[in-house]
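Chemist: Input structure: protein-v1.cif, which contains mmCIF, C-alpha atoms and all ligand atoms.
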```cif
data_structure
#
loop_
_atom_site.label_atom_id
_atom_site.label_comp_id
_atom_site.auth_asym_id
_atom_site.auth_seq_id
_atom_site.Cartn_x
_atom_site.Cartn_y
_atom_site.Cartn_z
CA MET A 1 -15.07 1.26 -21.88
CA LYS A 2 -14.21 -1.37 -19.32
CA VAL A 3 -14.67 -0.45 -15.65
CA ALA A 4 -13.85 -2.61 -12.63
CA VAL A 5 -14.89 -2.56 -8.99
CA GLY A 6 -12.61 -4.09 -6.38
CA THR A 7 -15.04 -6.19 -4.34
CA LYS A 8 -17.68 -8.90 -4.64
CA ASN A 9 -19.84 -7.35 -1.92
CA PRO A 10 -23.24 -6.76 -3.61
CA ALA A 11 -23.91 -3.55 -1.62
CA LYS A 12 -20.83 -2.04 -3.27
CA VAL A 13 -21.11 -3.71 -6.71
CA HIS A 14 -24.73 -2.61 -7.10
CA ALA A 15 -23.85 0.91 -5.99
CA VAL A 16 -21.51 1.12 -9.00
CA LYS A 17 -23.75 -0.74 -11.48
CA ASP A 18 -26.99 1.10 -10.62
CA THR A 19 -25.33 4.52 -10.52
CA LEU A 20 -23.61 4.12 -13.91
CA ILE A 21 -26.51 2.30 -15.57
CA ARG A 22 -26.87 4.89 -18.37
CA GLU A 23 -23.19 4.84 -19.30
CA THR A 24 -22.01 2.65 -22.20
CA ILE A 25 -19.55 0.74 -20.09
CA HIS A 26 -18.92 -2.83 -19.05
CA ILE A 27 -18.50 -3.32 -15.29
CA ALA A 28 -16.51 -6.24 -13.88
CA SER A 29 -16.32 -7.06 -10.17
CA VAL A 30 -13.19 -8.65 -8.77
CA ASP A 31 -12.02 -9.51 -5.26
CA VAL A 32 -8.81 -7.66 -4.51
CA PRO A 33 -6.83 -7.07 -1.31
CA SER A 34 -7.25 -3.70 0.39
CA ASN A 35 -3.80 -4.08 2.00
CA VAL A 36 -5.11 -2.43 5.16
CA ALA A 37 -6.67 -4.07 8.24
CA SER A 38 -9.98 -5.83 7.60
CA GLN A 39 -11.41 -3.31 10.07
CA PRO A 40 -9.82 0.07 9.26
CA PHE A 41 -9.71 2.41 12.25
CA SER A 42 -9.07 5.87 10.79
CA ASP A 43 -9.90 8.03 7.77
CA GLU A 44 -6.37 7.58 6.45
CA GLU A 45 -6.45 3.79 6.68
CA THR A 46 -9.93 3.59 5.14
CA MET A 47 -8.96 5.92 2.29
CA THR A 48 -5.76 3.97 1.65
CA GLY A 49 -7.80 0.76 1.48
CA ALA A 50 -10.14 2.33 -1.07
CA LEU A 51 -7.26 3.49 -3.28
CA ASN A 52 -5.43 0.15 -3.03
CA ARG A 53 -8.61 -1.64 -4.11
CA ALA A 54 -9.25 0.79 -7.00
CA LYS A 55 -5.73 0.39 -8.41
CA ALA A 56 -5.71 -3.39 -8.00
CA ALA A 57 -9.16 -3.71 -9.62
CA ALA A 58 -8.04 -1.77 -12.71
CA GLU A 59 -4.71 -3.61 -12.95
CA GLN A 60 -6.13 -7.13 -12.42
CA THR A 61 -8.83 -6.75 -15.06
CA GLY A 62 -7.12 -4.46 -17.58
CA ALA A 63 -9.96 -1.94 -17.09
CA VAL A 64 -9.59 1.75 -17.92
CA LEU A 65 -11.14 2.73 -14.58
CA GLY A 66 -11.16 0.94 -11.23
CA PHE A 67 -13.44 1.74 -8.29
CA GLY A 68 -12.44 0.98 -4.69
CA LEU A 69 -14.96 1.37 -1.85
CA GLU A 70 -13.98 0.88 1.77
CA GLY A 71 -15.81 1.05 5.06
CA GLY A 72 -14.12 1.85 8.35
CA VAL A 73 -14.55 3.59 11.67
CA VAL A 74 -13.04 6.77 13.05
CA ARG A 75 -12.63 8.11 16.60
CA THR A 76 -14.19 11.56 17.06
CA VAL A 77 -15.13 13.87 19.94
CA ALA A 78 -18.69 12.57 19.48
CA GLY A 79 -17.61 8.94 19.77
CA LEU A 80 -16.74 6.21 17.30
CA MET A 81 -18.31 6.76 13.89
CA LEU A 82 -18.76 4.82 10.70
CA CYS A 83 -16.67 6.31 7.91
CA ASN A 84 -16.68 5.46 4.24
CA TRP A 85 -14.23 6.32 1.48
CA GLY A 86 -14.02 5.67 -2.24
CA ALA A 87 -11.33 5.97 -4.90
CA LEU A 88 -11.41 5.91 -8.68
CA TYR A 89 -8.17 4.92 -10.39
CA HIS A 90 -7.47 5.57 -14.09
CA GLU A 91 -5.06 3.29 -15.92
CA ASP A 92 -2.92 6.34 -16.73
CA GLY A 93 -2.24 6.78 -12.98
CA ARG A 94 -4.62 9.64 -12.20
CA HIS A 95 -7.00 9.02 -9.33
CA TRP A 96 -9.82 10.70 -7.47
CA ILE A 97 -10.99 10.36 -3.85
CA ALA A 98 -14.37 10.99 -2.24
CA GLY A 99 -15.82 10.53 1.23
CA GLY A 100 -19.21 9.32 2.33
CA ALA A 101 -21.56 9.43 5.24
CA ARG A 102 -20.54 9.45 8.92
CA LEU A 103 -22.76 8.19 11.65
CA PRO A 104 -22.12 7.57 15.37
CA LEU A 105 -22.18 3.95 16.50
CA PRO A 106 -23.87 2.93 19.76
CA ASP A 107 -21.55 2.62 22.77
CA GLU A 108 -21.85 -1.16 22.98
CA VAL A 109 -20.83 -1.46 19.29
CA ALA A 110 -17.94 0.97 19.77
CA LYS A 111 -16.75 -1.04 22.78
CA ARG A 112 -16.69 -4.30 20.81
CA LEU A 113 -14.84 -2.60 17.94
CA GLU A 114 -12.22 -1.24 20.37
CA GLN A 115 -11.80 -4.82 21.66
CA GLY A 116 -10.90 -5.95 18.14
CA GLU A 117 -14.14 -7.34 16.72
CA GLU A 118 -15.06 -6.53 13.10
CA LEU A 119 -18.13 -4.37 12.52
CA GLY A 120 -19.63 -6.83 10.03
CA ILE A 121 -19.53 -9.60 12.66
CA ILE A 122 -20.89 -7.34 15.41
CA MET A 123 -23.80 -6.25 13.22
CA SER A 124 -24.58 -9.86 12.34
CA SER A 125 -24.62 -10.87 16.01
CA ILE A 126 -26.85 -7.90 16.96
CA THR A 127 -29.37 -8.40 14.13
CA GLY A 128 -29.19 -12.18 13.81
CA ASP A 129 -28.68 -11.68 10.07
CA GLU A 130 -25.41 -13.01 8.72
CA ALA A 131 -25.64 -10.88 5.53
CA VAL A 132 -26.19 -7.37 6.97
CA ARG A 133 -22.96 -6.02 5.47
CA LYS A 134 -24.10 -7.15 2.01
CA LYS A 135 -27.50 -5.50 2.38
CA GLU A 136 -28.63 -2.47 4.41
CA GLY A 137 -25.46 -2.42 6.51
CA ALA A 138 -24.93 -0.78 9.89
CA ILE A 139 -25.97 2.53 8.33
CA GLY A 140 -29.33 1.01 7.33
CA ILE A 141 -29.87 -0.48 10.78
CA TYR A 142 -29.07 2.78 12.59
CA THR A 143 -31.14 4.98 10.23
CA SER A 144 -34.21 2.76 10.40
CA GLY A 145 -33.69 1.84 6.75
CA LEU A 146 -33.74 5.43 5.45
CA VAL A 147 -30.16 5.20 4.14
CA SER A 148 -28.88 1.82 2.97
CA ARG A 149 -25.25 0.84 2.54
CA LYS A 150 -25.77 0.69 -1.24
CA GLU A 151 -27.33 4.15 -1.31
CA MET A 152 -24.49 5.55 0.79
CA PHE A 153 -21.87 4.04 -1.55
CA SER A 154 -23.89 5.24 -4.59
CA GLN A 155 -23.27 8.83 -3.58
CA ILE A 156 -19.54 8.15 -3.29
CA VAL A 157 -19.61 6.59 -6.79
CA LYS A 158 -21.30 9.75 -8.13
CA LEU A 159 -18.75 11.97 -6.41
CA LEU A 160 -15.94 9.92 -7.97
CA TYR A 161 -17.33 9.48 -11.48
CA GLY A 162 -18.41 13.13 -11.52
CA GLN A 163 -14.83 14.21 -10.83
CA TYR A 164 -13.60 11.93 -13.61
CA LEU A 165 -16.17 13.40 -16.06
CA ALA A 166 -15.22 16.94 -15.04
CA SER A 167 -11.58 16.12 -15.80
CA THR A 168 -12.49 14.99 -19.32
CA THR A 169 -14.18 18.30 -20.22
CA GLN A 170 -12.19 21.47 -20.79
CA LEU A 171 -13.30 23.61 -17.87
CA LYS A 172 -12.83 27.32 -18.60
CA HIS A 173 -12.41 29.63 -15.60
O1 LIG A 201 -16.09 -7.70 0.75
P1 LIG A 201 -15.67 -6.32 1.10
O2 LIG A 201 -15.64 -5.39 -0.08
O3 LIG A 201 -14.40 -6.26 1.91
O4 LIG A 201 -16.87 -5.74 2.00
P2 LIG A 201 -16.99 -5.53 3.57
O5 LIG A 201 -18.43 -5.65 3.93
O6 LIG A 201 -16.01 -6.37 4.31
O7 LIG A 201 -16.67 -4.01 3.73
P3 LIG A 201 -15.31 -3.25 4.15
O8 LIG A 201 -14.16 -4.18 4.06
O9 LIG A 201 -15.27 -1.98 3.36
O10 LIG A 201 -15.63 -2.83 5.64
C1 LIG A 201 -14.72 -2.97 6.69
C2 LIG A 201 -15.32 -3.67 7.86
O11 LIG A 201 -16.42 -2.95 8.37
C3 LIG A 201 -17.61 -3.72 8.21
N1 LIG A 201 -18.63 -2.79 7.79
C4 LIG A 201 -18.42 -1.59 7.26
N2 LIG A 201 -19.55 -0.96 7.04
C5 LIG A 201 -20.52 -1.81 7.45
C6 LIG A 201 -21.89 -1.73 7.51
O12 LIG A 201 -22.52 -0.65 7.06
N3 LIG A 201 -22.55 -2.75 8.00
C7 LIG A 201 -21.93 -3.84 8.45
N4 LIG A 201 -20.62 -3.98 8.43
C8 LIG A 201 -19.92 -2.97 7.95
C9 LIG A 201 -17.28 -4.79 7.23
O13 LIG A 201 -18.04 -5.95 7.35
C10 LIG A 201 -15.84 -5.05 7.57
O14 LIG A 201 -15.75 -5.79 8.77
MG MG A 202 -13.84 -6.31 3.97
#
```
In structure tokens, write the structure found in this file.
Ligand SMILES: O=P(O)(O)OP(=O)(O)OP(=O)(O)OC[C@H]1O[C@@H](n2cnc3c(O)ncnc32)[C@H](O)[C@@H]1O
Ligand SMILES: [Mg+2]
Modeler:
Amino acid sequence: MKVAVGTKNPAKVHAVKDTLIRETIHIASVDVPSNVASQPFSDEETMTGALNRAKAAAEQTGAVLGFGLEGGVVRTVAGLMLCNWGALYHEDGRHWIAGGARLPLPDEVAKRLEQGEELGIIMSSITGDEAVRKKEGAIGIYTSGLVSRKEMFSQIVKLLYGQYLASTTQLKH
């Protein structure tokens, strides 16, 4: 079975490849538009970006399943937080959604985001590492490396693929 993931970001691509390593599937990665802002600012926008990527990935590659993974931020009573959403799109039109970790961002990061800067750029300027978003990510930086961006997206991939598998078995209630 052919499966696609709608990004070239290695933190996301490896989350899909490593999580589904035991499955007899071929995984293609393809850059697709999310059709939301490059820095989504709500759960809804982030989720929409994930679903747009999942659908476009499946359609562009002719894959049976397309994964879309999107990072964003969300305003909460506890301040601005990282939010992460994923979608899995089946060529027959069915799709599944799953959410990932949330973590507060430091005030100075939140301030720069509110002023219109992208998180990836802010994290690069803080760490001096241009490739943070492709590696441990903000979540890795602010958890002292205990949870990497790949690991966080891996759980979303499991939540998505697990729902797909559950839909293929006849669940008796
Ligand atoms: O190539 P794509 O798949 O777009 O990967 P991306 O790193 O840009 O990831 P997103 O578009 O999903 O994330 C939206 C924005 O938030 C940034 N971002 C999200 N999570 C991040 C993290 O953990 N560390 C650094 N930047 C992050 C990212 O760089 C973008 O500016
Ligand atoms: Mg992006």
Chemist: When you draw a straight line from CA of Lys150 (chain A) to CA of Lys12 (chain A), how long is it in Å?
Modeler: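 CA of Lys12 (chain A) lies 6.0 Å from CA of Lys150 (chain A).
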Chemist: Which residue gives the smallest distance to ligand LIG 201 (chain A) among A:Glu70, A:Glu44, A:Glu91, A:Asp18, with all atoms listed in the file counted?
Modeler: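 Closest candidate: A:Glu70.
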Chemist: Quick one: residues within 6 Å of ligand LIG 201 (chain A), with all atoms listed in the file, as a ChimeraX atom specification?
Modeler: /A:7-9,38-39,70-72,118-120,123,132-133,137-139,149
Chemist: Ranking A:Thr61, A:Ser34, A:Ser154, A:Thr24 by minimum distance to ligand MG 202 (chain A) and counting all atoms listed in the file, which one comes first?
Modeler: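 Of all the options, A:Ser34 lies closest to ligand MG 202 (chain A).
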Chemist: Rank nothing, just name the residue among A:Glu114, A:Glu59, A:Glu151, A:Asp31 nearest to ligand MG 202 (chain A), using only C-alpha atoms and all ligand atoms.
Modeler: A:Asp31
Chemist: Interatomic distance between CA of Leu88 (chain A) and CA of Phe67 (chain A)?
Modeler: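 Taking CA of Leu88 (chain A) and CA of Phe67 (chain A), their separation equals 4.7 Å.
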Chemist: Quick check, in Å to one decimal: how far apart do CA of Lys134 (chain A) and CA of Arg53 (chain A) lie?
Modeler: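 So the two atoms, CA of Lys134 (chain A) and CA of Arg53 (chain A), lie 17.5 Å apart.
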Chemist: Name the closest residue to ligand MG 202 (chain A) among the candidates A:Ala28, A:Ile121, A:Ala78, A:Ala98; distances are taken between atoms, counting all atoms listed in the file.
Modeler: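 Closest candidate: A:Ile121.
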Chemist: Closest to Thr143 (chain A) among A:Arg102, A:Tyr164, A:Gln155, A:Ile126, using only C-alpha atoms?
Modeler: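 Checking each candidate against Thr143 (chain A), we get A:Arg102 as the closest.
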Chemist: With distances taken over all atoms listed in the file, which residue among A:Val13, A:Val32, A:Ile27, A:Glu108 lies nearest ligand MG 202 (chain A)?
Modeler: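 That would be A:Val32, the residue with the smallest distance to ligand MG 202 (chain A).
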Chemist: Neighbours of Thr19 (chain A) within 8 Å (all atoms listed in the file; same-chain residues fewer than 4 positions away dropped), as a PyMOL selection string?
Modeler: chain A and resi 14-15+154+157-158
Chemist: What are the nearest atom pairs, with distances in Å to one decimal, for all residues of region 7-71 of chain A that come at most 12 Å from region 160-163 of chain A, using only C-alpha atoms, set out by chain and rising residue number as a tab-separated table?
Modeler:
```
residue	atom	partner	partner_atom	distance
A:Val16	CA	A:Tyr161	CA	9.7
A:Thr19	CA	A:Tyr161	CA	9.5
A:Leu20	CA	A:Tyr161	CA	8.6
A:Glu23	CA	A:Tyr161	CA	10.8
A:Ala50	CA	A:Leu160	CA	11.8
A:Leu51	CA	A:Leu160	CA	11.8
A:Ala54	CA	A:Leu160	CA	11.4
A:Leu65	CA	A:Tyr161	CA	9.7
A:Gly66	CA	A:Tyr161	CA	10.5
A:Phe67	CA	A:Leu160	CA	8.6
A:Gly68	CA	A:Leu160	CA	10.1
A:Leu69	CA	A:Leu160	CA	10.6
```
Chemist: With only C-alpha atoms as the counted atoms, please give the residues lying no more than 6 Å from His90 (chain A), apart from itself and same-chain residues fewer than 2 positions off, as a list in words.
Modeler: Val64, Leu65, Asp92, Gly93, Arg94 and His95 of chain A
